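start.txt, holding compact mmCIF, N, CA and C atoms:
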```txt
# COMPACT_ATOMS: atom_id res chain seq x y z
N MET A 18 -67.29 32.37 -69.58
CA MET A 18 -66.40 31.31 -70.03
C MET A 18 -66.87 30.81 -71.39
N VAL A 19 -65.94 30.57 -72.30
CA VAL A 19 -66.24 30.10 -73.63
C VAL A 19 -66.00 28.60 -73.68
N SER A 20 -66.98 27.87 -74.17
CA SER A 20 -66.82 26.42 -74.25
C SER A 20 -66.15 26.04 -75.56
N ALA A 21 -65.56 24.86 -75.58
CA ALA A 21 -64.91 24.37 -76.79
C ALA A 21 -65.93 24.10 -77.88
N ALA A 22 -67.17 23.82 -77.51
CA ALA A 22 -68.21 23.53 -78.49
C ALA A 22 -68.76 24.80 -79.13
N GLY A 23 -68.45 25.95 -78.58
CA GLY A 23 -68.97 27.21 -79.08
C GLY A 23 -68.82 27.39 -80.58
N PRO A 24 -67.61 27.27 -81.14
CA PRO A 24 -67.46 27.47 -82.58
C PRO A 24 -68.27 26.47 -83.41
N ALA A 25 -68.37 25.22 -82.97
CA ALA A 25 -69.14 24.23 -83.71
C ALA A 25 -70.61 24.58 -83.71
N LEU A 26 -71.10 25.13 -82.63
CA LEU A 26 -72.50 25.51 -82.55
C LEU A 26 -72.80 26.73 -83.41
N ALA A 27 -71.78 27.50 -83.75
CA ALA A 27 -71.97 28.71 -84.55
C ALA A 27 -72.13 28.40 -86.04
N LEU A 28 -71.89 27.17 -86.46
CA LEU A 28 -72.04 26.80 -87.87
C LEU A 28 -73.51 26.86 -88.26
N ASP A 29 -73.76 27.31 -89.49
CA ASP A 29 -75.15 27.29 -89.93
C ASP A 29 -75.50 25.88 -90.42
N ASP A 30 -76.75 25.67 -90.74
CA ASP A 30 -77.24 24.33 -91.07
C ASP A 30 -76.53 23.75 -92.30
N GLU A 31 -76.34 24.55 -93.35
CA GLU A 31 -75.67 24.03 -94.55
C GLU A 31 -74.22 23.66 -94.27
N GLU A 32 -73.55 24.42 -93.41
CA GLU A 32 -72.16 24.10 -93.06
C GLU A 32 -72.08 22.78 -92.31
N LYS A 33 -73.05 22.53 -91.44
CA LYS A 33 -73.09 21.24 -90.72
C LYS A 33 -73.33 20.10 -91.70
N HIS A 34 -74.28 20.30 -92.63
CA HIS A 34 -74.55 19.27 -93.63
C HIS A 34 -73.29 18.99 -94.46
N PHE A 35 -72.60 20.05 -94.90
CA PHE A 35 -71.38 19.91 -95.70
C PHE A 35 -70.33 19.14 -94.92
N GLY A 36 -70.07 19.53 -93.68
CA GLY A 36 -69.02 18.90 -92.88
C GLY A 36 -69.27 17.43 -92.59
N ILE A 37 -70.49 17.11 -92.18
CA ILE A 37 -70.80 15.71 -91.87
C ILE A 37 -70.75 14.87 -93.13
N SER A 38 -71.26 15.40 -94.24
CA SER A 38 -71.23 14.65 -95.49
C SER A 38 -69.80 14.49 -96.01
N ALA A 39 -68.93 15.49 -95.77
CA ALA A 39 -67.53 15.36 -96.17
C ALA A 39 -66.87 14.20 -95.43
N LEU A 40 -67.16 14.09 -94.14
CA LEU A 40 -66.62 12.96 -93.37
C LEU A 40 -67.16 11.63 -93.90
N CYS A 41 -68.44 11.59 -94.21
CA CYS A 41 -69.04 10.37 -94.75
C CYS A 41 -68.46 10.02 -96.12
N GLY A 42 -68.25 11.03 -96.97
CA GLY A 42 -67.66 10.79 -98.29
C GLY A 42 -66.23 10.29 -98.19
N ALA A 43 -65.45 10.88 -97.29
CA ALA A 43 -64.06 10.43 -97.10
C ALA A 43 -64.02 9.01 -96.56
N GLY A 44 -64.90 8.71 -95.62
CA GLY A 44 -64.96 7.36 -95.06
C GLY A 44 -65.37 6.34 -96.11
N ALA A 45 -66.36 6.69 -96.93
CA ALA A 45 -66.81 5.78 -97.98
C ALA A 45 -65.70 5.55 -99.01
N GLU A 46 -65.00 6.63 -99.39
CA GLU A 46 -63.91 6.47 -100.35
C GLU A 46 -62.81 5.58 -99.79
N THR A 47 -62.50 5.74 -98.52
CA THR A 47 -61.47 4.92 -97.90
C THR A 47 -61.88 3.45 -97.89
N ALA A 48 -63.13 3.18 -97.53
CA ALA A 48 -63.61 1.80 -97.52
C ALA A 48 -63.56 1.21 -98.93
N LEU A 49 -64.02 1.96 -99.92
CA LEU A 49 -64.00 1.46 -101.30
C LEU A 49 -62.58 1.33 -101.83
N HIS A 50 -61.70 2.22 -101.41
CA HIS A 50 -60.30 2.20 -101.86
C HIS A 50 -59.62 0.89 -101.48
N TYR A 51 -59.90 0.42 -100.27
CA TYR A 51 -59.21 -0.78 -99.77
C TYR A 51 -59.99 -2.07 -99.97
N THR A 52 -61.25 -1.99 -100.44
CA THR A 52 -62.04 -3.21 -100.58
C THR A 52 -62.48 -3.50 -102.01
N THR A 53 -62.19 -2.58 -102.94
CA THR A 53 -62.56 -2.81 -104.34
C THR A 53 -61.34 -2.59 -105.23
N GLU A 54 -61.48 -2.96 -106.47
CA GLU A 54 -60.45 -2.72 -107.47
C GLU A 54 -60.84 -1.56 -108.37
N TRP A 55 -61.85 -0.79 -107.96
CA TRP A 55 -62.35 0.31 -108.78
C TRP A 55 -61.30 1.39 -108.95
N LYS A 56 -61.28 2.01 -110.11
CA LYS A 56 -60.40 3.14 -110.38
C LYS A 56 -60.98 4.39 -109.71
N ALA A 57 -60.17 5.42 -109.59
CA ALA A 57 -60.54 6.63 -108.84
C ALA A 57 -61.87 7.26 -109.27
N PRO A 58 -62.16 7.47 -110.56
CA PRO A 58 -63.43 8.13 -110.89
C PRO A 58 -64.65 7.35 -110.40
N THR A 59 -64.63 6.04 -110.55
CA THR A 59 -65.75 5.22 -110.10
C THR A 59 -65.86 5.24 -108.58
N ARG A 60 -64.72 5.11 -107.89
CA ARG A 60 -64.71 5.16 -106.42
C ARG A 60 -65.25 6.49 -105.91
N ILE A 61 -64.81 7.59 -106.53
CA ILE A 61 -65.21 8.92 -106.07
C ILE A 61 -66.71 9.11 -106.28
N LEU A 62 -67.23 8.70 -107.42
CA LEU A 62 -68.67 8.82 -107.67
C LEU A 62 -69.47 7.96 -106.69
N ALA A 63 -69.04 6.73 -106.48
CA ALA A 63 -69.76 5.85 -105.55
C ALA A 63 -69.67 6.38 -104.12
N ALA A 64 -68.49 6.87 -103.72
CA ALA A 64 -68.32 7.41 -102.37
C ALA A 64 -69.14 8.68 -102.18
N THR A 65 -69.25 9.49 -103.22
CA THR A 65 -70.09 10.69 -103.14
C THR A 65 -71.55 10.30 -102.92
N ALA A 66 -72.01 9.31 -103.66
CA ALA A 66 -73.40 8.84 -103.48
C ALA A 66 -73.60 8.27 -102.07
N LEU A 67 -72.67 7.42 -101.63
CA LEU A 67 -72.79 6.84 -100.29
C LEU A 67 -72.70 7.91 -99.20
N GLY A 68 -71.80 8.87 -99.38
CA GLY A 68 -71.63 9.94 -98.40
C GLY A 68 -72.82 10.89 -98.33
N SER A 69 -73.62 10.93 -99.39
CA SER A 69 -74.81 11.78 -99.43
C SER A 69 -76.04 11.12 -98.80
N LEU A 70 -76.01 9.81 -98.65
CA LEU A 70 -77.19 9.08 -98.15
C LEU A 70 -77.66 9.51 -96.76
N PRO A 71 -76.76 9.73 -95.78
CA PRO A 71 -77.26 10.17 -94.48
C PRO A 71 -78.02 11.51 -94.56
N GLY A 72 -77.52 12.44 -95.36
CA GLY A 72 -78.21 13.71 -95.53
C GLY A 72 -79.55 13.54 -96.21
N LEU A 73 -79.61 12.66 -97.21
CA LEU A 73 -80.86 12.39 -97.90
C LEU A 73 -81.88 11.79 -96.92
N ALA A 74 -81.43 10.85 -96.11
CA ALA A 74 -82.32 10.24 -95.12
C ALA A 74 -82.85 11.29 -94.14
N LYS A 75 -81.98 12.21 -93.72
CA LYS A 75 -82.41 13.26 -92.80
C LYS A 75 -83.44 14.18 -93.45
N GLU A 76 -83.20 14.55 -94.70
CA GLU A 76 -84.13 15.44 -95.38
C GLU A 76 -85.48 14.77 -95.61
N ILE A 77 -85.47 13.49 -95.92
CA ILE A 77 -86.73 12.76 -96.08
C ILE A 77 -87.46 12.71 -94.75
N ALA A 78 -86.74 12.43 -93.66
CA ALA A 78 -87.36 12.41 -92.33
C ALA A 78 -87.90 13.80 -91.97
N ASP A 79 -87.13 14.84 -92.27
CA ASP A 79 -87.60 16.21 -91.99
C ASP A 79 -88.89 16.51 -92.74
N SER A 80 -89.01 16.02 -93.97
CA SER A 80 -90.18 16.34 -94.78
C SER A 80 -91.46 15.69 -94.24
N THR A 81 -91.31 14.70 -93.36
CA THR A 81 -92.50 14.06 -92.79
C THR A 81 -92.99 14.76 -91.53
N GLU A 82 -92.21 15.72 -91.01
CA GLU A 82 -92.58 16.44 -89.80
C GLU A 82 -93.47 17.63 -90.14
N ALA A 83 -94.36 17.94 -89.22
CA ALA A 83 -95.22 19.12 -89.39
C ALA A 83 -94.35 20.37 -89.38
N ASP A 84 -94.69 21.34 -90.21
CA ASP A 84 -93.96 22.61 -90.30
C ASP A 84 -92.49 22.43 -90.67
N ASN A 85 -92.17 21.39 -91.42
CA ASN A 85 -90.80 21.15 -91.88
C ASN A 85 -90.89 20.66 -93.31
N GLU A 86 -89.83 20.79 -94.05
CA GLU A 86 -89.85 20.37 -95.45
C GLU A 86 -88.47 19.90 -95.89
N PHE A 87 -88.45 19.23 -97.03
CA PHE A 87 -87.20 18.80 -97.66
C PHE A 87 -86.46 20.06 -98.10
N SER A 88 -85.19 20.19 -97.71
CA SER A 88 -84.42 21.38 -98.04
C SER A 88 -83.44 21.08 -99.17
N GLU A 89 -83.68 21.72 -100.32
CA GLU A 89 -82.77 21.54 -101.45
C GLU A 89 -81.38 22.11 -101.14
N SER A 90 -81.32 23.21 -100.37
CA SER A 90 -80.02 23.79 -100.05
C SER A 90 -79.22 22.88 -99.12
N ASP A 91 -79.89 22.23 -98.18
CA ASP A 91 -79.20 21.26 -97.31
C ASP A 91 -78.71 20.07 -98.13
N MET A 92 -79.54 19.61 -99.07
CA MET A 92 -79.16 18.45 -99.89
C MET A 92 -78.00 18.81 -100.81
N THR A 93 -77.99 20.03 -101.33
CA THR A 93 -76.85 20.49 -102.14
C THR A 93 -75.58 20.49 -101.31
N ALA A 94 -75.68 20.97 -100.08
CA ALA A 94 -74.51 20.97 -99.18
C ALA A 94 -74.06 19.54 -98.90
N ASP A 95 -75.01 18.62 -98.76
CA ASP A 95 -74.67 17.22 -98.53
C ASP A 95 -73.88 16.64 -99.70
N VAL A 96 -74.36 16.86 -100.91
CA VAL A 96 -73.69 16.30 -102.09
C VAL A 96 -72.31 16.94 -102.29
N LEU A 97 -72.24 18.27 -102.15
CA LEU A 97 -70.94 18.95 -102.30
C LEU A 97 -69.96 18.52 -101.21
N GLY A 98 -70.45 18.34 -100.00
CA GLY A 98 -69.59 17.87 -98.91
C GLY A 98 -69.09 16.46 -99.17
N ALA A 99 -69.99 15.57 -99.60
CA ALA A 99 -69.60 14.19 -99.87
C ALA A 99 -68.59 14.13 -101.02
N LEU A 100 -68.79 14.97 -102.06
CA LEU A 100 -67.85 15.01 -103.17
C LEU A 100 -66.48 15.52 -102.70
N THR A 101 -66.48 16.57 -101.90
CA THR A 101 -65.22 17.11 -101.38
C THR A 101 -64.50 16.06 -100.53
N GLY A 102 -65.23 15.41 -99.64
CA GLY A 102 -64.64 14.36 -98.81
C GLY A 102 -64.11 13.21 -99.64
N SER A 103 -64.85 12.82 -100.67
CA SER A 103 -64.41 11.73 -101.55
C SER A 103 -63.13 12.09 -102.29
N LEU A 104 -63.07 13.33 -102.80
CA LEU A 104 -61.86 13.77 -103.50
C LEU A 104 -60.66 13.82 -102.57
N LEU A 105 -60.85 14.40 -101.39
CA LEU A 105 -59.75 14.46 -100.42
C LEU A 105 -59.35 13.06 -99.94
N GLY A 106 -60.34 12.20 -99.74
CA GLY A 106 -60.05 10.82 -99.34
C GLY A 106 -59.24 10.09 -100.40
N SER A 107 -59.60 10.29 -101.66
CA SER A 107 -58.87 9.65 -102.76
C SER A 107 -57.44 10.16 -102.82
N LEU A 108 -57.28 11.46 -102.69
CA LEU A 108 -55.93 12.05 -102.70
C LEU A 108 -55.08 11.48 -101.56
N PHE A 109 -55.64 11.43 -100.37
CA PHE A 109 -54.93 10.89 -99.21
C PHE A 109 -54.62 9.41 -99.41
N ASN A 110 -55.63 8.63 -99.81
CA ASN A 110 -55.44 7.18 -99.94
C ASN A 110 -54.51 6.80 -101.08
N ASP A 111 -54.40 7.66 -102.10
CA ASP A 111 -53.44 7.40 -103.17
C ASP A 111 -52.02 7.77 -102.76
N THR A 112 -51.89 8.60 -101.74
CA THR A 112 -50.57 9.08 -101.30
C THR A 112 -50.04 8.28 -100.13
N VAL A 113 -50.89 7.95 -99.18
CA VAL A 113 -50.49 7.26 -97.96
C VAL A 113 -50.98 5.82 -98.03
N LYS A 114 -50.10 4.90 -97.76
CA LYS A 114 -50.44 3.48 -97.79
C LYS A 114 -50.19 2.84 -96.43
N PHE A 115 -51.16 2.07 -95.99
CA PHE A 115 -51.03 1.30 -94.76
C PHE A 115 -51.07 -0.16 -95.13
N GLY A 116 -50.36 -0.97 -94.40
CA GLY A 116 -50.38 -2.40 -94.64
C GLY A 116 -49.95 -3.17 -93.41
N ILE A 117 -50.28 -4.44 -93.38
CA ILE A 117 -49.84 -5.31 -92.30
C ILE A 117 -48.94 -6.37 -92.93
N ASN A 118 -47.72 -6.41 -92.46
CA ASN A 118 -46.72 -7.36 -92.97
C ASN A 118 -46.33 -8.32 -91.86
N THR A 119 -45.92 -9.52 -92.27
CA THR A 119 -45.38 -10.48 -91.32
C THR A 119 -43.89 -10.62 -91.60
N ILE A 120 -43.10 -10.26 -90.60
CA ILE A 120 -41.65 -10.35 -90.71
C ILE A 120 -41.14 -11.18 -89.54
N ASP A 121 -40.44 -12.27 -89.85
CA ASP A 121 -39.92 -13.17 -88.82
C ASP A 121 -41.02 -13.64 -87.87
N GLY A 122 -42.19 -13.91 -88.43
CA GLY A 122 -43.30 -14.42 -87.63
C GLY A 122 -44.05 -13.36 -86.83
N GLU A 123 -43.64 -12.11 -86.93
CA GLU A 123 -44.33 -11.03 -86.21
C GLU A 123 -45.10 -10.17 -87.19
N ARG A 124 -46.32 -9.83 -86.81
CA ARG A 124 -47.12 -8.93 -87.65
C ARG A 124 -46.74 -7.49 -87.35
N ARG A 125 -46.53 -6.73 -88.42
CA ARG A 125 -46.13 -5.33 -88.25
C ARG A 125 -46.97 -4.45 -89.17
N LEU A 126 -47.31 -3.30 -88.65
CA LEU A 126 -48.04 -2.31 -89.43
C LEU A 126 -47.04 -1.48 -90.22
N SER A 127 -47.26 -1.37 -91.52
CA SER A 127 -46.37 -0.55 -92.33
C SER A 127 -47.11 0.71 -92.77
N PHE A 128 -46.35 1.74 -92.95
CA PHE A 128 -46.88 3.05 -93.33
C PHE A 128 -45.92 3.64 -94.34
N SER A 129 -46.40 4.04 -95.49
CA SER A 129 -45.53 4.65 -96.48
C SER A 129 -46.24 5.82 -97.15
N VAL A 130 -45.43 6.76 -97.59
CA VAL A 130 -45.95 7.94 -98.30
C VAL A 130 -45.33 7.95 -99.68
N LYS A 131 -46.17 8.03 -100.68
CA LYS A 131 -45.72 8.06 -102.07
C LYS A 131 -45.72 9.52 -102.53
N PHE A 132 -44.56 10.02 -102.89
CA PHE A 132 -44.43 11.40 -103.32
C PHE A 132 -43.45 11.49 -104.46
N LYS A 133 -43.86 12.09 -105.58
CA LYS A 133 -42.95 12.24 -106.72
C LYS A 133 -42.14 13.51 -106.58
N PHE A 134 -40.83 13.40 -106.81
CA PHE A 134 -39.93 14.55 -106.74
C PHE A 134 -39.75 15.16 -108.12
```
Will you turn the file into structure tokens for me?
Amino acid sequence: MVSAAGPALALDDEEKHFGISALCGAGAETALHYTTEWKAPTRILAATALGSLPGLAKEIADSTEADNEFSESDMTADVLGALTGSLLGSLFNDTVKFGINTIDGERRLSFSVKFKF
């Protein structure tokens, strides 16, 4: 029997670092998108840095263990993943807008997609 986790376990270490950092970069970009007035380049750079921090912390922790070391290839995957996630997050957040509106005393969630024809 094949488990659903099988394909995820087949990822190599750099792919895991890239994927987790991409999620962190996208999450950081989304948080910065809705809580700051920063323009896209600044948001993307800041989100890339924030999205890389968990990987950096892991590599520093790994370097303190016996028979383990700081991996430059893992850290590269972390930064590239965070950058990719930040770019995709910015693209999504610039296209899709969520908001809460009050209409006739009722709060409503609004959702819109901005697309140029």
Among listed residues A:Asp30, A:Thr119, A:Asp111, A:Ser127, nearest A:Asp91 (using only N, CA and C atoms):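 That would be A:Asp30, the residue with the smallest distance to A:Asp91.
One finds atom C of A:Phe35 at 21.2 Å from atom N of A:Thr59.
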Nearest candidate to A:Ser88 (options A:Gly72, A:Thr101, A:Ile117, A:Arg60; using only C-alpha atoms):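 Distance minimum relative to A:Ser88 lands on A:Gly72.
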Can you list, as a ChimeraX atom specification, all residues belonging to stretch 38-121 of chain A that DSSP tags as alpha helix (DSSP H)? /A:38-52,57-80,89-112
Using all atoms listed in the file, which residues sit within 6.5 Å of A:Val130 once same-chain residues fewer than 3 positions away are excluded, as an MDAnalysis selection string? chainID A and resid 112:114
Take the residues from that selection and put them in a file with N, CA and C atoms, as a PDB file, keeping the file's coordinate frame.
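Written out: part.pdb:
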```
ATOM      1  N   THR A 112     -51.890   8.600-101.740  1.00  0.00           N
ATOM      2  CA  THR A 112     -50.570   9.080-101.300  1.00  0.00           C
ATOM      3  C   THR A 112     -50.040   8.280-100.130  1.00  0.00           C
ATOM      4  N   VAL A 113     -50.890   7.950 -99.180  1.00  0.00           N
ATOM      5  CA  VAL A 113     -50.490   7.260 -97.960  1.00  0.00           C
ATOM      6  C   VAL A 113     -50.980   5.820 -98.030  1.00  0.00           C
ATOM      7  N   LYS A 114     -50.100   4.900 -97.760  1.00  0.00           N
ATOM      8  CA  LYS A 114     -50.440   3.480 -97.790  1.00  0.00           C
ATOM      9  C   LYS A 114     -50.190   2.840 -96.430  1.00  0.00           C
TER      10      LYS A 114
END
```
Which of these residues is nearest to A:Ala43, using only C-alpha atoms: A:Ile120, A:Leu126, A:Leu62, A:Ala99?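 Result for the nearest residue to A:Ala43: A:Ala99.
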Record the distance separating atom CA of A:Ala94 and atom CA of A:Glu31, expressed in Å with one decimal.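 These atoms are spaced 5.7 Å apart.
Of note, atom N of A:Glu82 and atom C of A:Leu70 are spaced 16.8 Å apart.
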Measuring atom to atom with only N, CA and C atoms, identify which of A:Ala39, A:Leu49, A:Ala83, A:Ala74 is nearest to A:Leu97. A:Ala39
Counting all atoms listed in the file, write as a list in words all protein and nucleic acid residues lying at most 6.5 Å from (-63.4, 10.2, -99.6) in the file's frame. Cys41, Gly42, Ala43, Gly44, Ala45, Glu46, Thr47, Ala64, Thr101, Gly102, Ser103, Leu104, Leu105, Gly106 and Ser107 of chain A
Going by DSSP on the backbone, which residues of stretch 19-120 of chain A come out as strand (DSSP E or B)? List them as a VMD selection string. chain A and resid 113 to 120
Give the answer as one residue: which of A:Trp55, A:Phe109, A:Ser38, A:Ser80 has the shortest atom-to-atom distance to A:Val96, using all atoms listed in the file?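 Ranked by minimum distance to A:Val96, first place goes to A:Ser38.
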